[in-house]
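Here is start-v1.txt, consisting of compact mmCIF, N, CA, C and O atoms:
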```
# COMPACT_ATOMS: atom_id res chain seq x y z
N PHE A 1 259.46 70.85 44.69
CA PHE A 1 260.57 70.54 45.58
C PHE A 1 260.12 70.53 47.04
O PHE A 1 260.48 69.64 47.80
N THR A 2 259.36 71.53 47.43
CA THR A 2 258.91 71.65 48.82
C THR A 2 258.03 70.47 49.22
O THR A 2 258.19 69.91 50.31
N ALA A 3 257.13 70.08 48.34
CA ALA A 3 256.24 68.95 48.63
C ALA A 3 257.04 67.66 48.74
O ALA A 3 256.80 66.83 49.64
N ARG A 4 258.02 67.47 47.86
CA ARG A 4 258.84 66.26 47.91
C ARG A 4 259.65 66.23 49.21
O ARG A 4 259.77 65.20 49.86
N ARG A 5 260.18 67.37 49.59
CA ARG A 5 260.96 67.45 50.83
C ARG A 5 260.08 67.15 52.05
O ARG A 5 260.49 66.45 52.97
N ALA A 6 258.86 67.65 52.04
CA ALA A 6 257.92 67.38 53.14
C ALA A 6 257.59 65.89 53.21
O ALA A 6 257.54 65.31 54.29
N ASN A 7 257.38 65.27 52.06
CA ASN A 7 257.10 63.83 52.03
C ASN A 7 258.29 63.02 52.52
O ASN A 7 258.11 62.02 53.23
N GLN A 8 259.50 63.44 52.18
CA GLN A 8 260.70 62.77 52.67
C GLN A 8 260.80 62.90 54.19
O GLN A 8 261.14 61.93 54.88
N ALA A 9 260.51 64.07 54.70
CA ALA A 9 260.58 64.29 56.14
C ALA A 9 259.58 63.40 56.86
O ALA A 9 259.89 62.80 57.90
N LEU A 10 258.38 63.26 56.32
CA LEU A 10 257.39 62.36 56.92
C LEU A 10 257.82 60.91 56.85
O LEU A 10 257.65 60.15 57.81
N ALA A 11 258.41 60.52 55.75
CA ALA A 11 258.90 59.15 55.61
C ALA A 11 259.99 58.88 56.64
O ALA A 11 260.01 57.81 57.27
N TRP A 12 260.89 59.83 56.84
CA TRP A 12 261.96 59.67 57.84
C TRP A 12 261.38 59.59 59.24
O TRP A 12 261.86 58.82 60.06
N LEU A 13 260.37 60.42 59.50
CA LEU A 13 259.71 60.39 60.81
C LEU A 13 259.18 58.99 61.10
O LEU A 13 259.45 58.42 62.16
N TRP A 14 258.45 58.42 60.15
CA TRP A 14 257.86 57.10 60.36
C TRP A 14 258.90 55.99 60.40
O TRP A 14 258.75 55.01 61.11
N THR A 15 259.99 56.17 59.67
CA THR A 15 261.09 55.20 59.74
C THR A 15 261.71 55.23 61.13
O THR A 15 261.96 54.17 61.73
N GLU A 16 261.94 56.41 61.66
CA GLU A 16 262.50 56.54 63.01
C GLU A 16 261.56 55.93 64.05
O GLU A 16 262.01 55.23 64.96
N ILE A 17 260.28 56.20 63.94
CA ILE A 17 259.30 55.64 64.87
C ILE A 17 259.31 54.12 64.79
O ILE A 17 259.38 53.43 65.81
N SER A 18 259.26 53.59 63.58
CA SER A 18 259.23 52.13 63.38
C SER A 18 260.48 51.47 63.95
O SER A 18 260.38 50.46 64.67
N GLU A 19 261.64 52.02 63.65
CA GLU A 19 262.89 51.42 64.13
C GLU A 19 262.99 51.49 65.64
O GLU A 19 263.42 50.53 66.29
N SER A 20 262.59 52.62 66.21
CA SER A 20 262.65 52.78 67.66
C SER A 20 261.70 51.83 68.37
O SER A 20 262.05 51.19 69.36
N LEU A 21 260.47 51.73 67.86
CA LEU A 21 259.50 50.83 68.47
C LEU A 21 259.94 49.38 68.37
O LEU A 21 259.81 48.62 69.34
N LEU A 22 260.46 48.97 67.21
CA LEU A 22 260.90 47.60 67.04
C LEU A 22 262.06 47.28 67.98
O LEU A 22 262.08 46.21 68.60
N LEU A 23 262.99 48.19 68.13
CA LEU A 23 264.11 47.97 69.03
C LEU A 23 263.62 47.84 70.48
O LEU A 23 264.00 46.90 71.19
N ARG A 24 262.76 48.75 70.91
CA ARG A 24 262.23 48.68 72.28
C ARG A 24 261.40 47.42 72.48
O ARG A 24 261.44 46.80 73.54
N PHE A 25 260.65 47.01 71.46
CA PHE A 25 259.85 45.79 71.51
C PHE A 25 260.75 44.59 71.75
O PHE A 25 260.51 43.79 72.65
N LYS A 26 261.80 44.46 70.95
CA LYS A 26 262.70 43.32 71.06
C LYS A 26 263.48 43.31 72.36
O LYS A 26 263.92 42.26 72.81
N GLN A 27 263.69 44.48 72.97
CA GLN A 27 264.45 44.57 74.21
C GLN A 27 263.57 44.43 75.45
O GLN A 27 264.10 44.34 76.56
N HIS A 28 262.26 44.39 75.29
CA HIS A 28 261.36 44.21 76.43
C HIS A 28 261.68 42.86 77.05
O HIS A 28 261.74 41.84 76.36
N PRO A 29 261.90 42.80 78.36
CA PRO A 29 262.36 41.56 78.98
C PRO A 29 261.45 40.36 78.77
O PRO A 29 261.93 39.26 78.48
N VAL A 30 260.15 40.53 78.88
CA VAL A 30 259.24 39.40 78.72
C VAL A 30 259.10 39.03 77.25
O VAL A 30 259.10 37.85 76.89
N VAL A 31 259.01 40.03 76.39
CA VAL A 31 258.94 39.76 74.94
C VAL A 31 260.19 39.01 74.51
O VAL A 31 260.11 38.01 73.78
N GLU A 32 261.34 39.46 74.98
CA GLU A 32 262.61 38.81 74.62
C GLU A 32 262.60 37.33 75.01
O GLU A 32 263.05 36.48 74.24
N ARG A 33 262.07 37.02 76.19
CA ARG A 33 262.03 35.61 76.64
C ARG A 33 261.04 34.79 75.82
O ARG A 33 261.29 33.62 75.55
N ARG A 34 259.91 35.37 75.45
CA ARG A 34 258.86 34.61 74.74
C ARG A 34 259.09 34.53 73.24
O ARG A 34 258.55 33.64 72.58
N LEU A 35 259.85 35.46 72.70
CA LEU A 35 259.97 35.59 71.25
C LEU A 35 260.48 34.32 70.57
O LEU A 35 259.88 33.84 69.62
N ARG A 36 261.56 33.76 71.07
CA ARG A 36 262.13 32.56 70.42
C ARG A 36 261.15 31.40 70.45
O ARG A 36 260.98 30.68 69.46
N GLU A 37 260.51 31.19 71.60
CA GLU A 37 259.55 30.09 71.70
C GLU A 37 258.41 30.28 70.72
O GLU A 37 258.03 29.34 70.02
N LEU A 38 257.88 31.48 70.65
CA LEU A 38 256.76 31.72 69.74
C LEU A 38 257.20 31.66 68.29
O LEU A 38 256.45 31.17 67.44
N GLU A 39 258.41 32.11 67.99
CA GLU A 39 258.92 31.97 66.63
C GLU A 39 259.00 30.49 66.25
O GLU A 39 258.59 30.10 65.14
N ASP A 40 259.52 29.66 67.15
CA ASP A 40 259.60 28.22 66.88
C ASP A 40 258.22 27.62 66.67
O ASP A 40 258.02 26.79 65.78
N ARG A 41 257.27 28.01 67.49
CA ARG A 41 255.90 27.49 67.36
C ARG A 41 255.26 27.92 66.04
O ARG A 41 254.53 27.14 65.42
N VAL A 42 255.53 29.15 65.61
CA VAL A 42 255.01 29.61 64.32
C VAL A 42 255.63 28.79 63.20
O VAL A 42 254.93 28.33 62.29
N ILE A 43 256.94 28.56 63.26
CA ILE A 43 257.62 27.77 62.24
C ILE A 43 257.06 26.35 62.17
O ILE A 43 256.85 25.81 61.09
N ARG A 44 256.80 25.75 63.35
CA ARG A 44 256.25 24.39 63.40
C ARG A 44 254.77 24.33 63.03
O ARG A 44 254.22 23.27 62.80
N GLY A 45 254.13 25.49 63.01
CA GLY A 45 252.71 25.53 62.67
C GLY A 45 251.79 25.26 63.84
O GLY A 45 250.60 25.03 63.65
N SER A 46 252.33 25.29 65.06
CA SER A 46 251.49 25.00 66.23
C SER A 46 250.79 26.26 66.77
O SER A 46 249.93 26.15 67.65
N VAL A 47 251.15 27.40 66.25
CA VAL A 47 250.45 28.64 66.59
C VAL A 47 250.45 29.54 65.35
O VAL A 47 251.42 29.56 64.59
N ALA A 48 249.34 30.22 65.16
CA ALA A 48 249.23 31.12 64.01
C ALA A 48 250.07 32.38 64.25
O ALA A 48 250.18 32.85 65.39
N PRO A 49 250.68 32.91 63.20
CA PRO A 49 251.47 34.13 63.35
C PRO A 49 250.68 35.27 64.01
O PRO A 49 251.21 35.98 64.84
N SER A 50 249.42 35.39 63.66
CA SER A 50 248.61 36.48 64.23
C SER A 50 248.41 36.30 65.73
O SER A 50 248.42 37.27 66.49
N VAL A 51 248.27 35.05 66.18
CA VAL A 51 248.09 34.77 67.61
C VAL A 51 249.38 35.08 68.36
O VAL A 51 249.36 35.71 69.43
N ALA A 52 250.52 34.66 67.81
CA ALA A 52 251.81 34.94 68.44
C ALA A 52 252.06 36.45 68.49
O ALA A 52 252.49 36.98 69.52
N ALA A 53 251.77 37.14 67.40
CA ALA A 53 251.97 38.59 67.37
C ALA A 53 251.08 39.28 68.39
O ALA A 53 251.54 40.17 69.11
N ASP A 54 249.82 38.86 68.47
CA ASP A 54 248.91 39.46 69.45
C ASP A 54 249.42 39.28 70.87
O ASP A 54 249.36 40.20 71.69
N GLU A 55 249.92 38.09 71.17
CA GLU A 55 250.44 37.84 72.51
C GLU A 55 251.63 38.73 72.82
O GLU A 55 251.72 39.36 73.88
N LEU A 56 252.57 38.80 71.88
CA LEU A 56 253.77 39.60 72.10
C LEU A 56 253.46 41.09 72.19
O LEU A 56 254.00 41.79 73.05
N ILE A 57 252.58 41.56 71.34
CA ILE A 57 252.21 42.98 71.37
C ILE A 57 251.48 43.30 72.66
O ILE A 57 251.73 44.33 73.29
N GLY A 58 250.59 42.42 73.08
CA GLY A 58 249.90 42.63 74.35
C GLY A 58 250.86 42.70 75.52
O GLY A 58 250.74 43.55 76.40
N THR A 59 251.84 41.82 75.52
CA THR A 59 252.88 41.82 76.55
C THR A 59 253.63 43.14 76.54
O THR A 59 253.85 43.77 77.58
N PHE A 60 254.02 43.59 75.37
CA PHE A 60 254.77 44.83 75.23
C PHE A 60 253.95 46.02 75.71
O PHE A 60 254.46 46.89 76.43
N LEU A 61 252.69 46.07 75.37
CA LEU A 61 251.85 47.20 75.72
C LEU A 61 251.52 47.25 77.21
O LEU A 61 251.14 48.31 77.72
N GLN A 62 251.69 46.14 77.90
CA GLN A 62 251.44 46.13 79.35
C GLN A 62 252.55 46.87 80.09
O GLN A 62 252.39 47.20 81.26
N GLY A 63 253.66 47.10 79.43
CA GLY A 63 254.75 47.86 80.05
C GLY A 63 255.80 46.95 80.64
O GLY A 63 255.74 45.73 80.55
N GLU A 64 256.77 47.57 81.23
CA GLU A 64 257.88 46.85 81.84
C GLU A 64 257.41 46.13 83.09
O GLU A 64 256.69 46.70 83.90
N PRO A 65 257.80 44.87 83.25
CA PRO A 65 257.44 44.16 84.48
C PRO A 65 258.21 44.75 85.66
O PRO A 65 259.31 45.27 85.49
N GLU A 66 257.61 44.66 86.82
CA GLU A 66 258.30 45.17 88.01
C GLU A 66 259.35 44.17 88.46
O GLU A 66 259.16 42.97 88.39
N ALA A 67 260.48 44.68 88.92
CA ALA A 67 261.59 43.82 89.33
C ALA A 67 261.35 43.23 90.71
O ALA A 67 260.59 43.64 91.48
```
Could you quickly redo this structure as structure tokens?
Amino acid sequence: FTARRANQALAWLWTEISESLLLRFKQHPVVERRLRELEDRVIRGSVAPSVAADELIGTFLQGEPEA
């Protein structure tokens, strides 16, 4: 029981981290502006999903743009 409970707690931890990061990622002002365009380009096949993801993740990791 204790081991199962510990595994559940870890799963919840990672779920919380994943959901929080994804929400913050999607709300990043530059990511939000680029996301639709890159999604369309991925759908059309003009950019690889990995390239679009790398660009968006790089943008996100650079932090919030200054106003």
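Separating atom O of Phe60 in chain A from atom N of Ser18 in chain A is a distance of 15.3 Å.
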Expressed in Å, the length from CA of Leu56 in chain A to CA of Val31 in chain A is 5.9 Å
DSSP on the backbone, helix (DSSP H, G or I) only: what residues of chain A does that give? Format it as a PyMOL selection string.
chain A and resi 2-27+29-44+49-61
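Rounded to one decimal, atom C of Leu35 in chain A and atom O of Leu22 in chain A lie 12.2 Å from each other.
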Write out as a list in words which residues come within 10 Å of Val42 in chain A when counting only C-alpha atoms, dropping same-chain ones fewer than 5 positions away.
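Listed by chain and then number, they are Arg36, Glu37, Val47, Ala48, Pro49, Ser50, Val51, Ala52 and Ala53 of chain A.
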Select, from A:Phe1, A:Glu16, A:Leu21, A:Val30, the residue with the minimum atom-to-atom distance to Thr59 in chain A, counting only N, CA, C and O atoms.
A:Val30
Kindly write all heavy atoms of range 26-40 of chain A from the structure just given to a file, as a PDB file, in the first residue's frame.
```
ATOM      1  N   LYS A  26       1.775  27.902 -23.314  1.00  0.00           N
ATOM      2  CA  LYS A  26       0.754  28.410 -24.229  1.00  0.00           C
ATOM      3  C   LYS A  26       0.418  29.870 -23.970  1.00  0.00           C
ATOM      4  O   LYS A  26      -0.046  30.563 -24.868  1.00  0.00           O
ATOM      5  CB  LYS A  26      -0.510  27.556 -24.142  1.00  0.00           C
ATOM      6  CG  LYS A  26      -0.357  26.194 -24.768  1.00  0.00           C
ATOM      7  CD  LYS A  26      -1.648  25.410 -24.661  1.00  0.00           C
ATOM      8  CE  LYS A  26      -1.574  24.091 -25.385  1.00  0.00           C
ATOM      9  NZ  LYS A  26      -2.855  23.354 -25.304  1.00  0.00           N
ATOM     10  N   GLN A  27       0.630  30.353 -22.742  1.00  0.00           N
ATOM     11  CA  GLN A  27       0.317  31.738 -22.402  1.00  0.00           C
ATOM     12  C   GLN A  27       1.489  32.685 -22.642  1.00  0.00           C
ATOM     13  O   GLN A  27       1.318  33.898 -22.536  1.00  0.00           O
ATOM     14  CB  GLN A  27      -0.130  31.828 -20.941  1.00  0.00           C
ATOM     15  CG  GLN A  27      -1.471  31.207 -20.710  1.00  0.00           C
ATOM     16  CD  GLN A  27      -1.883  31.221 -19.249  1.00  0.00           C
ATOM     17  OE1 GLN A  27      -1.059  31.391 -18.356  1.00  0.00           O
ATOM     18  NE2 GLN A  27      -3.161  31.030 -19.003  1.00  0.00           N
ATOM     19  N   HIS A  28       2.654  32.158 -22.981  1.00  0.00           N
ATOM     20  CA  HIS A  28       3.810  33.009 -23.261  1.00  0.00           C
ATOM     21  C   HIS A  28       3.459  33.874 -24.466  1.00  0.00           C
ATOM     22  O   HIS A  28       2.999  33.365 -25.497  1.00  0.00           O
ATOM     23  CB  HIS A  28       5.025  32.136 -23.560  1.00  0.00           C
ATOM     24  CG  HIS A  28       6.287  32.886 -23.784  1.00  0.00           C
ATOM     25  ND1 HIS A  28       6.553  33.545 -24.952  1.00  0.00           N
ATOM     26  CD2 HIS A  28       7.350  33.081 -22.977  1.00  0.00           C
ATOM     27  CE1 HIS A  28       7.745  34.110 -24.869  1.00  0.00           C
ATOM     28  NE2 HIS A  28       8.250  33.841 -23.668  1.00  0.00           N
ATOM     29  N   PRO A  29       3.636  35.189 -24.384  1.00  0.00           N
ATOM     30  CA  PRO A  29       3.163  36.074 -25.452  1.00  0.00           C
ATOM     31  C   PRO A  29       3.732  35.770 -26.831  1.00  0.00           C
ATOM     32  O   PRO A  29       2.993  35.782 -27.817  1.00  0.00           O
ATOM     33  CB  PRO A  29       3.584  37.469 -24.997  1.00  0.00           C
ATOM     34  CG  PRO A  29       4.116  37.349 -23.631  1.00  0.00           C
ATOM     35  CD  PRO A  29       4.239  35.912 -23.277  1.00  0.00           C
ATOM     36  N   VAL A  30       5.011  35.483 -26.935  1.00  0.00           N
ATOM     37  CA  VAL A  30       5.602  35.223 -28.251  1.00  0.00           C
ATOM     38  C   VAL A  30       5.218  33.836 -28.741  1.00  0.00           C
ATOM     39  O   VAL A  30       4.888  33.647 -29.916  1.00  0.00           O
ATOM     40  CB  VAL A  30       7.143  35.396 -28.225  1.00  0.00           C
ATOM     41  CG1 VAL A  30       7.736  35.131 -29.601  1.00  0.00           C
ATOM     42  CG2 VAL A  30       7.512  36.787 -27.734  1.00  0.00           C
ATOM     43  N   VAL A  31       5.216  32.858 -27.850  1.00  0.00           N
ATOM     44  CA  VAL A  31       4.790  31.502 -28.230  1.00  0.00           C
ATOM     45  C   VAL A  31       3.350  31.547 -28.723  1.00  0.00           C
ATOM     46  O   VAL A  31       3.022  30.961 -29.759  1.00  0.00           O
ATOM     47  CB  VAL A  31       4.929  30.521 -27.044  1.00  0.00           C
ATOM     48  CG1 VAL A  31       4.238  29.197 -27.348  1.00  0.00           C
ATOM     49  CG2 VAL A  31       6.394  30.295 -26.697  1.00  0.00           C
ATOM     50  N   GLU A  32       2.509  32.264 -28.000  1.00  0.00           N
ATOM     51  CA  GLU A  32       1.095  32.365 -28.378  1.00  0.00           C
ATOM     52  C   GLU A  32       0.941  32.927 -29.796  1.00  0.00           C
ATOM     53  O   GLU A  32       0.127  32.443 -30.582  1.00  0.00           O
ATOM     54  CB  GLU A  32       0.375  33.246 -27.366  1.00  0.00           C
ATOM     55  CG  GLU A  32      -1.120  33.241 -27.495  1.00  0.00           C
ATOM     56  CD  GLU A  32      -1.799  34.035 -26.394  1.00  0.00           C
ATOM     57  OE1 GLU A  32      -1.169  34.953 -25.827  1.00  0.00           O
ATOM     58  OE2 GLU A  32      -2.959  33.733 -26.110  1.00  0.00           O
ATOM     59  N   ARG A  33       1.742  33.937 -30.129  1.00  0.00           N
ATOM     60  CA  ARG A  33       1.658  34.539 -31.476  1.00  0.00           C
ATOM     61  C   ARG A  33       2.174  33.591 -32.553  1.00  0.00           C
ATOM     62  O   ARG A  33       1.638  33.562 -33.657  1.00  0.00           O
ATOM     63  CB  ARG A  33       2.457  35.842 -31.516  1.00  0.00           C
ATOM     64  CG  ARG A  33       1.775  36.983 -30.786  1.00  0.00           C
ATOM     65  CD  ARG A  33       2.418  38.321 -31.110  1.00  0.00           C
ATOM     66  NE  ARG A  33       3.816  38.413 -30.711  1.00  0.00           N
ATOM     67  CZ  ARG A  33       4.235  38.861 -29.524  1.00  0.00           C
ATOM     68  NH1 ARG A  33       3.364  39.226 -28.615  1.00  0.00           N
ATOM     69  NH2 ARG A  33       5.524  38.939 -29.262  1.00  0.00           N
ATOM     70  N   ARG A  34       3.229  32.841 -32.258  1.00  0.00           N
ATOM     71  CA  ARG A  34       3.846  31.976 -33.273  1.00  0.00           C
ATOM     72  C   ARG A  34       3.164  30.620 -33.408  1.00  0.00           C
ATOM     73  O   ARG A  34       3.296  29.958 -34.441  1.00  0.00           O
ATOM     74  CB  ARG A  34       5.325  31.738 -32.930  1.00  0.00           C
ATOM     75  CG  ARG A  34       6.207  32.936 -33.009  1.00  0.00           C
ATOM     76  CD  ARG A  34       6.542  33.332 -34.432  1.00  0.00           C
ATOM     77  NE  ARG A  34       7.350  32.302 -35.049  1.00  0.00           N
ATOM     78  CZ  ARG A  34       7.253  31.941 -36.316  1.00  0.00           C
ATOM     79  NH1 ARG A  34       6.400  32.524 -37.111  1.00  0.00           N
ATOM     80  NH2 ARG A  34       8.012  30.988 -36.818  1.00  0.00           N
ATOM     81  N   LEU A  35       2.455  30.200 -32.380  1.00  0.00           N
ATOM     82  CA  LEU A  35       1.925  28.844 -32.332  1.00  0.00           C
ATOM     83  C   LEU A  35       1.008  28.513 -33.502  1.00  0.00           C
ATOM     84  O   LEU A  35       1.191  27.501 -34.172  1.00  0.00           O
ATOM     85  CB  LEU A  35       1.207  28.612 -31.002  1.00  0.00           C
ATOM     86  CG  LEU A  35       0.750  27.194 -30.699  1.00  0.00           C
ATOM     87  CD1 LEU A  35       1.917  26.217 -30.760  1.00  0.00           C
ATOM     88  CD2 LEU A  35       0.094  27.139 -29.337  1.00  0.00           C
ATOM     89  N   ARG A  36       0.047  29.369 -33.779  1.00  0.00           N
ATOM     90  CA  ARG A  36      -0.904  29.071 -34.875  1.00  0.00           C
ATOM     91  C   ARG A  36      -0.199  28.975 -36.214  1.00  0.00           C
ATOM     92  O   ARG A  36      -0.478  28.086 -37.018  1.00  0.00           O
ATOM     93  CB  ARG A  36      -2.002  30.124 -34.922  1.00  0.00           C
ATOM     94  CG  ARG A  36      -3.049  29.905 -33.865  1.00  0.00           C
ATOM     95  CD  ARG A  36      -4.329  30.653 -34.216  1.00  0.00           C
ATOM     96  NE  ARG A  36      -5.330  30.373 -33.217  1.00  0.00           N
ATOM     97  CZ  ARG A  36      -5.644  31.204 -32.223  1.00  0.00           C
ATOM     98  NH1 ARG A  36      -5.024  32.355 -32.107  1.00  0.00           N
ATOM     99  NH2 ARG A  36      -6.577  30.885 -31.356  1.00  0.00           N
ATOM    100  N   GLU A  37       0.712  29.918 -36.466  1.00  0.00           N
ATOM    101  CA  GLU A  37       1.435  29.884 -37.742  1.00  0.00           C
ATOM    102  C   GLU A  37       2.238  28.601 -37.871  1.00  0.00           C
ATOM    103  O   GLU A  37       2.201  27.948 -38.918  1.00  0.00           O
ATOM    104  CB  GLU A  37       2.369  31.085 -37.855  1.00  0.00           C
ATOM    105  CG  GLU A  37       3.192  31.043 -39.136  1.00  0.00           C
ATOM    106  CD  GLU A  37       4.304  32.079 -39.173  1.00  0.00           C
ATOM    107  OE1 GLU A  37       4.264  33.045 -38.401  1.00  0.00           O
ATOM    108  OE2 GLU A  37       5.213  31.891 -39.990  1.00  0.00           O
ATOM    109  N   LEU A  38       2.934  28.227 -36.829  1.00  0.00           N
ATOM    110  CA  LEU A  38       3.745  27.012 -36.898  1.00  0.00           C
ATOM    111  C   LEU A  38       2.878  25.765 -36.969  1.00  0.00           C
ATOM    112  O   LEU A  38       3.229  24.809 -37.663  1.00  0.00           O
ATOM    113  CB  LEU A  38       4.723  26.952 -35.729  1.00  0.00           C
ATOM    114  CG  LEU A  38       5.892  27.932 -35.858  1.00  0.00           C
ATOM    115  CD1 LEU A  38       6.678  28.019 -34.564  1.00  0.00           C
ATOM    116  CD2 LEU A  38       6.811  27.539 -37.008  1.00  0.00           C
ATOM    117  N   GLU A  39       1.739  25.769 -36.284  1.00  0.00           N
ATOM    118  CA  GLU A  39       0.821  24.637 -36.413  1.00  0.00           C
ATOM    119  C   GLU A  39       0.357  24.493 -37.861  1.00  0.00           C
ATOM    120  O   GLU A  39       0.332  23.378 -38.406  1.00  0.00           O
ATOM    121  CB  GLU A  39      -0.394  24.821 -35.499  1.00  0.00           C
ATOM    122  CG  GLU A  39      -0.118  24.583 -34.047  1.00  0.00           C
ATOM    123  CD  GLU A  39      -1.321  24.851 -33.157  1.00  0.00           C
ATOM    124  OE1 GLU A  39      -2.174  25.702 -33.520  1.00  0.00           O
ATOM    125  OE2 GLU A  39      -1.403  24.225 -32.099  1.00  0.00           O
ATOM    126  N   ASP A  40      -0.007  25.606 -38.489  1.00  0.00           N
ATOM    127  CA  ASP A  40      -0.434  25.565 -39.895  1.00  0.00           C
ATOM    128  C   ASP A  40       0.686  25.058 -40.795  1.00  0.00           C
ATOM    129  O   ASP A  40       0.443  24.262 -41.707  1.00  0.00           O
ATOM    130  CB  ASP A  40      -0.878  26.949 -40.365  1.00  0.00           C
ATOM    131  CG  ASP A  40      -2.202  27.387 -39.761  1.00  0.00           C
ATOM    132  OD1 ASP A  40      -2.949  26.510 -39.258  1.00  0.00           O
ATOM    133  OD2 ASP A  40      -2.488  28.594 -39.763  1.00  0.00           O
TER     134      ASP A  40
END
```
